[in-house]
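Asker: One file is attached below, input36.cif, containing mmCIF, C-alpha atoms.
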```
data_target
#
loop_
_atom_site.group_PDB
_atom_site.id
_atom_site.type_symbol
_atom_site.label_atom_id
_atom_site.label_comp_id
_atom_site.auth_asym_id
_atom_site.auth_seq_id
_atom_site.Cartn_x
_atom_site.Cartn_y
_atom_site.Cartn_z
ATOM 1 C CA MET H 1 -33.014 26.236 56.577
ATOM 2 C CA LYS H 2 -35.142 25.239 59.491
ATOM 3 C CA ILE H 3 -36.574 21.751 59.711
ATOM 4 C CA ILE H 4 -40.155 22.936 59.133
ATOM 5 C CA THR H 5 -39.103 24.725 55.941
ATOM 6 C CA LYS H 6 -37.283 21.638 54.678
ATOM 7 C CA ALA H 7 -40.322 19.484 55.440
ATOM 8 C CA GLY H 8 -42.552 21.930 53.560
ATOM 9 C CA VAL H 9 -40.292 21.938 50.522
ATOM 10 C CA ILE H 10 -40.102 18.146 50.519
ATOM 11 C CA ALA H 11 -43.889 17.830 50.831
ATOM 12 C CA ALA H 12 -44.519 20.349 48.037
ATOM 13 C CA LEU H 13 -42.013 18.741 45.671
ATOM 14 C CA THR H 14 -43.342 15.264 46.417
ATOM 15 C CA GLY H 15 -46.905 16.350 45.718
ATOM 16 C CA LEU H 16 -45.883 18.127 42.527
ATOM 17 C CA THR H 17 -43.949 15.074 41.344
ATOM 18 C CA ILE H 18 -46.961 12.842 41.946
ATOM 19 C CA LEU H 19 -49.264 15.227 40.063
ATOM 20 C CA ILE H 20 -46.889 15.410 37.101
ATOM 21 C CA ALA H 21 -46.531 11.616 37.037
ATOM 22 C CA ILE H 22 -50.315 11.145 37.041
ATOM 23 C CA ALA H 23 -50.748 13.736 34.282
ATOM 24 C CA LEU H 24 -48.105 12.052 32.126
ATOM 25 C CA TYR H 25 -49.694 8.649 32.719
ATOM 26 C CA TYR H 26 -53.146 9.800 31.643
ATOM 27 C CA ALA H 27 -51.719 11.694 28.659
ATOM 28 C CA PHE H 28 -49.867 8.549 27.570
ATOM 29 C CA ILE H 29 -52.937 6.355 28.008
ATOM 30 C CA GLY H 30 -55.192 8.877 26.274
ATOM 31 C CA LEU H 31 -52.844 9.289 23.336
ATOM 32 C CA PHE H 32 -51.765 5.747 22.611
ATOM 33 C CA PHE H 33 -54.796 3.713 23.632
ATOM 34 C CA SER H 34 -57.534 5.914 22.220
ATOM 35 C CA GLU H 35 -58.939 4.980 18.832
ATOM 36 C CA ASP H 36 -60.020 8.586 18.233
ATOM 37 C CA VAL H 37 -56.414 9.765 17.811
ATOM 38 C CA HIS H 38 -54.971 9.313 14.321
ATOM 39 C CA LEU H 39 -51.765 7.336 13.859
ATOM 40 C CA ILE H 40 -49.892 10.337 12.435
ATOM 41 C CA TYR H 41 -50.449 12.257 15.694
ATOM 42 C CA LYS H 42 -49.207 9.330 17.744
ATOM 43 C CA ILE H 43 -46.045 9.073 15.643
ATOM 44 C CA SER H 44 -45.343 12.806 15.471
ATOM 45 C CA ILE H 45 -45.833 13.422 19.203
ATOM 46 C CA SER H 46 -43.598 10.450 19.995
ATOM 47 C CA LEU H 47 -40.868 11.807 17.707
ATOM 48 C CA VAL H 48 -41.068 15.278 19.259
ATOM 49 C CA VAL H 49 -40.770 13.833 22.772
ATOM 50 C CA LEU H 50 -37.842 11.623 21.760
ATOM 51 C CA GLY H 51 -36.124 14.583 20.087
ATOM 52 C CA VAL H 52 -36.490 16.790 23.163
ATOM 53 C CA ILE H 53 -35.176 14.015 25.406
ATOM 54 C CA ALA H 54 -32.209 13.464 23.074
ATOM 55 C CA MET H 55 -31.398 17.199 23.137
ATOM 56 C CA PHE H 56 -31.518 17.320 26.945
ATOM 57 C CA VAL H 57 -29.311 14.244 27.256
ATOM 58 C CA GLY H 58 -26.813 15.741 24.800
ATOM 59 C CA ILE H 59 -26.715 19.060 26.644
ATOM 60 C CA ILE H 60 -26.279 17.369 30.023
ATOM 61 C CA ARG H 61 -23.484 15.119 28.725
ATOM 62 C CA GLU H 62 -21.742 18.111 27.149
ATOM 63 C CA ASN H 63 -21.946 20.104 30.385
ATOM 64 C CA ILE H 64 -20.610 17.219 32.439
ATOM 65 C CA LYS H 65 -17.737 16.738 30.004
ATOM 66 C CA SER H 66 -16.867 20.446 29.948
ATOM 67 C CA LYS H 67 -16.912 20.629 33.759
ATOM 68 C CA SER H 68 -14.406 17.797 34.048
ATOM 69 C CA ASP H 69 -12.190 19.448 31.399
ATOM 70 C CA SER H 70 -12.301 22.809 33.159
ATOM 71 C CA LYS H 71 -11.163 21.247 36.439
ATOM 72 C CA LEU H 72 -8.181 19.702 34.666
ATOM 73 C CA ASN H 73 -7.270 23.007 33.031
ATOM 74 C CA GLU H 74 -7.380 24.791 36.369
ATOM 75 C CA VAL H 75 -5.020 22.279 37.914
ATOM 76 C CA GLU H 76 -2.525 22.506 35.037
ATOM 77 C CA ASN H 77 -2.327 26.304 35.169
#
```
Let me see the structure of the file written as structure tokens.
Answerer:
Amino acid sequence: MKIITKAGVIAALTGLTILIAIALYYAFIGLFFSEDVHLIYKISISLVVLGVIAMFVGIIRENIKSKSDSKLNEVEN
């Protein structure tokens, strides 16, 4: 890739990351520090987010483990 293309990709990804971070911040503040939101919603949304994060971590760990096993199997054969 040319340098101008790399700079464009970096700028776009940086801007997108900042926008996502700001959106998550305001969603967190709006959910947990607003008195209009019932406690059951706060608990249930937190549990859903924690469950999704746990699934992603499990999948990533499993993929990393299977990649290291496959390299060992290739060497043995």
Asker: Which centre and which edge lengths, in Å to one decimal, describe the axis-aligned box that holds all listed atoms of segment 34-51 of chain H after 5 Å is added on each side, as lines of an AutoDock Vina configuration file?
Answerer:
```
center_x = -48.1
center_y = 10.1
center_z = 17.6
size_x = 33.9
size_y = 20.3
size_z = 20.3
```
Asker: Work out how far apart atom CA of Val52 of chain H and atom CA of Leu24 of chain H are and give it in Å to one decimal.
Answerer: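 Atom-to-atom, atom CA of Val52 of chain H to atom CA of Leu24 of chain H, that is 15.4 Å.
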Asker: What separation in Å, quoted to one decimal, exists between atom CA of Gly51 of chain H and atom CA of Lys65 of chain H?
Answerer: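 Between these atoms lies a distance of 21.0 Å.
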Asker: With a distance cut-off of 12 Å and all atoms listed in the file, select the neighbouring residues of segment 25-28 of chain H, excluding the residue or stretch itself and same-chain residues fewer than 3 positions from it, and output the selection as a VMD selection string.
Answerer: chain H and resid 18 to 22 31 to 34 37 42 45 to 46 49
Asker: So how far away is atom CA of Gly30 of chain H from atom CA of Leu47 of chain H, in Å?
Answerer: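 According to the coordinates, atom CA of Leu47 of chain H and atom CA of Gly30 of chain H are separated by 16.9 Å.
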